[in-house]
Structures are given as structure tokens and as C-alpha cells.
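K.L.:
My questions all concern the structure below.
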Amino acid sequence: NAATIEDLRKALPALQTERGQHYTDVLGSIYAARIQAFTEDEDVAETSTQIFPDTVAEEQIDEATASDIVIPIGTPRRLRDKPHLEFVASRPCLICDRAPCQAHHIRFAQPRAMGMKVSDEWAVPLCLTHHRLLHEFGNEVAWWATHKLEPLYIAQKLWGDSHRNQAAE
């Protein structure tokens with residue numbers, strides 16, 4: 001993270017908040033606070049040594065290796081499964097029961113990522129008309145609530161059905 005922050009500072013020296021603080025300083029303070037929270041939390045340290053017994057105790061880390069430690073930030077998996085999308089599209093529209101359908105990826109099922117759709121496991125069938133209307137509506141959670149449907153539950157059920165069918169074939 002430190003190298004990325006320095007690269008950002010060099011590449012965009014004018015990238016500042018309204019208060020005149022460079023965004024790299026903001027990122028640095030966020031990272032420092034998270035690292036401090038990790039080191040201050042004894043429960044996390046005890047749990048991590050129980051889960052990862054091969055890890056080195058904090059006292060055994062010298063200053064040379066301390067700068068090499070990188071704390072990974074977890075990212076949700078984004079599965080791509082074309083046969084599953086074809087299976088979803090073969091089902092009737094959840095709103096009007098019409099066909100043909102498109103596989104709609106439920107945008108609120110996973111955290112947003114730049115240029116990335118949610119995983120294919122979070123897809124539900126919508127006809128062209130309702131798919132377009134949903135995207136035009138904007139607030140997807142409210143749109144589904146208006147139609148009194150639970151798309152996450154339906155997507156999970158379709159994922160299970162699809163993979164049972166694929167295993168049978």
C-alpha cells in the first residue's frame with residue numbers, strides 16, 4: 001500500500017480534498033488507523049495465532065521485515081458461468097412470465113467494483129422490457145420491493161438448480 005500511495009502522490013500531485021489535503025495523506029491515515037486497530041486488538045492476535053499457528057508472534061518481527069508486511073484486503077469472488085446464465089435466461093420473466101429473458105445481475109448482491117458485474121450466481125431472469133425498466137428505475141432495492149420479490153433468494157435457488165442440472169448432464 002505504501003508504494004501505491006507514493007505512486008499516486010507522484011502521478012497526481014494536485015489530487016486534493018476541498019480542505020487542501022492530498023488524498024494520499026487521507027489514505028495513509030486510514031491505513032495507519034487500521035494497522036493500529038489490528039495491533040491493539042489482543043483478541044484478533046489470539047484468534048489469528050489459533051487459526052494460523054505457523055504465524056510469527058509480533059515480538060519476533062524485526063524492523064526490517066515489519067515494512068514488508070502487507071495486510072490483504074478481502075475481495076468477494078466474482079464467478080463467471082456461461083451455462084448458468086443460459087439456464088437463467090431460459091426461465092420465464094419473474095415479473096410477467098414472458099419469454100425470452102435475459103439474465104439480470106442483481107447489483108446489490110455484492111460490493112461494487114470498478115467495471116465488474118456481480119458474480120453470475122446472482123443472476124435472475126427478466127424479459128427485455130422489465131430488464132430495461134429496472135435499469136431505468138435506478139434504485140434496484142426499491143424496484144424489487146415494489147414487485148414484492150426476493151431476488152437474492154431466487155438467484156440462490158436458480159444457482160442450485162443450475163448446478164444440479166449440470167452435474168446430472
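Identifiers in this document derive from the order of the C-alpha cells: chains are assigned A, B, ..., residues are numbered from 1 separately in each chain, and ligands are numbered from 1 in order of occurrence.
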Using only C-alpha atoms, which protein or nucleic acid residues come within 8 Å of Leu85 in chain A? Drop anything in the same chain fewer than 4 positions from it, and give the result as a ChimeraX atom specification.
P.N.:
/A:81,89,103,120,123
K.L.:
Once you have the residues from the selection above, write them out as a CSV table (one decimal), in the first residue's frame, restricted to all heavy atoms.
P.N.:
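Output (again21.csv):
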```csv
chain,number,residue,atom,x,y,z
A,81,ASP,N,-20.0,-18.0,-15.2
A,81,ASP,CA,-20.5,-19.3,-15.6
A,81,ASP,C,-21.5,-19.2,-16.7
A,81,ASP,O,-22.7,-19.0,-16.4
A,81,ASP,CB,-21.2,-19.9,-14.3
A,81,ASP,CG,-21.6,-21.4,-14.5
A,81,ASP,OD1,-21.7,-21.8,-15.7
A,81,ASP,OD2,-21.8,-22.1,-13.5
A,89,ALA,N,-31.5,-17.5,-18.4
A,89,ALA,CA,-32.2,-16.8,-19.5
A,89,ALA,C,-33.3,-17.7,-20.1
A,89,ALA,O,-34.3,-17.2,-20.7
A,89,ALA,CB,-31.2,-16.4,-20.5
A,103,ALA,N,-30.5,-12.6,-18.5
A,103,ALA,CA,-30.0,-12.8,-17.1
A,103,ALA,C,-29.7,-11.5,-16.5
A,103,ALA,O,-28.7,-10.8,-17.0
A,103,ALA,CB,-28.9,-13.8,-17.1
A,120,ASP,N,-21.9,-14.3,-11.4
A,120,ASP,CA,-23.0,-14.9,-12.2
A,120,ASP,C,-24.0,-15.6,-11.3
A,120,ASP,O,-25.2,-15.9,-11.7
A,120,ASP,CB,-22.5,-15.8,-13.3
A,120,ASP,CG,-21.9,-15.0,-14.4
A,120,ASP,OD1,-22.1,-13.8,-14.5
A,120,ASP,OD2,-21.2,-15.6,-15.2
A,123,ALA,N,-27.7,-13.9,-10.6
A,123,ALA,CA,-28.5,-13.6,-11.8
A,123,ALA,C,-29.9,-14.1,-11.7
A,123,ALA,O,-30.1,-15.2,-11.2
A,123,ALA,CB,-27.8,-14.1,-13.0
```
K.L.:
Tell me, as a list in words, which residues lie within 9 Å of Ile106 in chain A, counting only C-alpha atoms; anything in the same chain fewer than 3 positions away does not count.
P.N.:
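Within the cut-off, the hits are Ala109, Gln110, Lys117, Val118, Ser119, Trp122, Ala123, Val124, Glu140, Pro151, Leu152 and Ala155 of chain A.
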K.L.:
I want to know what sits within 12 Å of range 26-28 of chain A, based on only C-alpha atoms, with residues of the same chain fewer than 6 positions away left out; could you give that as a ChimeraX atom specification?
P.N.:
/A:1-6,8-9,15-17,19-20,34-35
K.L.:
Taking 2 positions as the minimum chain separation for residues in the same chain, which residues sit within 12 Å of Val141 in chain A when counting only C-alpha atoms? Answer as JSON, numbers by chain.
P.N.:
{"A": [106, 107, 108, 109, 134, 135, 137, 138, 139, 143, 144, 145, 146, 147, 148, 149, 150, 151, 152]}
K.L.:
Export, as a CSV table (one decimal), in the first residue's frame, the selected residues with N, CA and C atoms.
P.N.:
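Contents of selection-v9.csv, as written:
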```csv
chain,number,residue,atom,x,y,z
A,106,ILE,N,-28.0,-9.0,-10.1
A,106,ILE,CA,-28.5,-8.2,-9.0
A,106,ILE,C,-27.3,-7.4,-8.5
A,107,ARG,N,-27.4,-6.1,-8.7
A,107,ARG,CA,-26.3,-5.2,-8.4
A,107,ARG,C,-26.0,-5.1,-6.9
A,108,PHE,N,-26.9,-5.2,-6.0
A,108,PHE,CA,-26.7,-5.0,-4.6
A,108,PHE,C,-26.3,-6.3,-3.9
A,109,ALA,N,-26.1,-7.4,-4.7
A,109,ALA,CA,-25.8,-8.7,-4.1
A,109,ALA,C,-24.3,-8.7,-3.6
A,134,LEU,N,-36.0,-1.8,-15.0
A,134,LEU,CA,-35.3,-1.9,-13.7
A,134,LEU,C,-34.1,-1.0,-13.8
A,135,HIS,N,-33.3,-1.0,-14.9
A,135,HIS,CA,-32.1,-0.2,-15.0
A,135,HIS,C,-32.5,1.3,-15.1
A,137,PHE,N,-35.1,2.6,-13.6
A,137,PHE,CA,-35.6,3.0,-12.3
A,137,PHE,C,-34.5,3.5,-11.4
A,138,GLY,N,-33.4,2.8,-11.5
A,138,GLY,CA,-32.2,3.2,-10.7
A,138,GLY,C,-32.0,2.5,-9.4
A,139,ASN,N,-33.0,2.7,-8.4
A,139,ASN,CA,-32.9,2.1,-7.1
A,139,ASN,C,-33.4,0.7,-7.2
A,143,TRP,N,-37.1,-1.2,-6.4
A,143,TRP,CA,-37.8,-1.7,-7.5
A,143,TRP,C,-38.2,-3.2,-7.2
A,144,TRP,N,-37.4,-3.9,-6.6
A,144,TRP,CA,-37.7,-5.3,-6.2
A,144,TRP,C,-38.8,-5.3,-5.1
A,145,ALA,N,-38.7,-4.4,-4.2
A,145,ALA,CA,-39.7,-4.3,-3.1
A,145,ALA,C,-41.0,-3.9,-3.7
A,146,THR,N,-41.1,-3.1,-4.7
A,146,THR,CA,-42.3,-2.7,-5.3
A,146,THR,C,-43.0,-3.9,-5.9
A,147,HIS,N,-42.2,-4.8,-6.4
A,147,HIS,CA,-42.8,-6.0,-7.1
A,147,HIS,C,-42.9,-7.2,-6.1
A,148,LYS,N,-42.6,-6.9,-4.8
A,148,LYS,CA,-42.7,-7.9,-3.7
A,148,LYS,C,-42.0,-9.2,-4.0
A,149,LEU,N,-40.8,-9.1,-4.5
A,149,LEU,CA,-39.9,-10.3,-4.8
A,149,LEU,C,-38.6,-10.2,-4.0
A,150,GLU,N,-38.1,-11.4,-3.7
A,150,GLU,CA,-36.8,-11.6,-3.1
A,150,GLU,C,-35.8,-12.1,-4.1
A,151,PRO,N,-35.1,-11.2,-4.8
A,151,PRO,CA,-34.3,-11.7,-5.9
A,151,PRO,C,-33.1,-12.5,-5.4
A,152,LEU,N,-32.5,-12.2,-4.3
A,152,LEU,CA,-31.4,-12.9,-3.8
A,152,LEU,C,-31.7,-14.4,-3.5
```
K.L.:
Would you mind telling me which residue in A:Leu158, A:Met116, A:Ala11, A:Ala32 lies nearest to Glu86 in chain A when using only C-alpha atoms?
P.N.:
A:Leu158
K.L.:
In Å, with one decimal, what is the gap from CA of Ile95 in chain A to CA of Lys157 in chain A?
P.N.:
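CA of Lys157 in chain A lies at a distance of 16.7 Å from CA of Ile95 in chain A.
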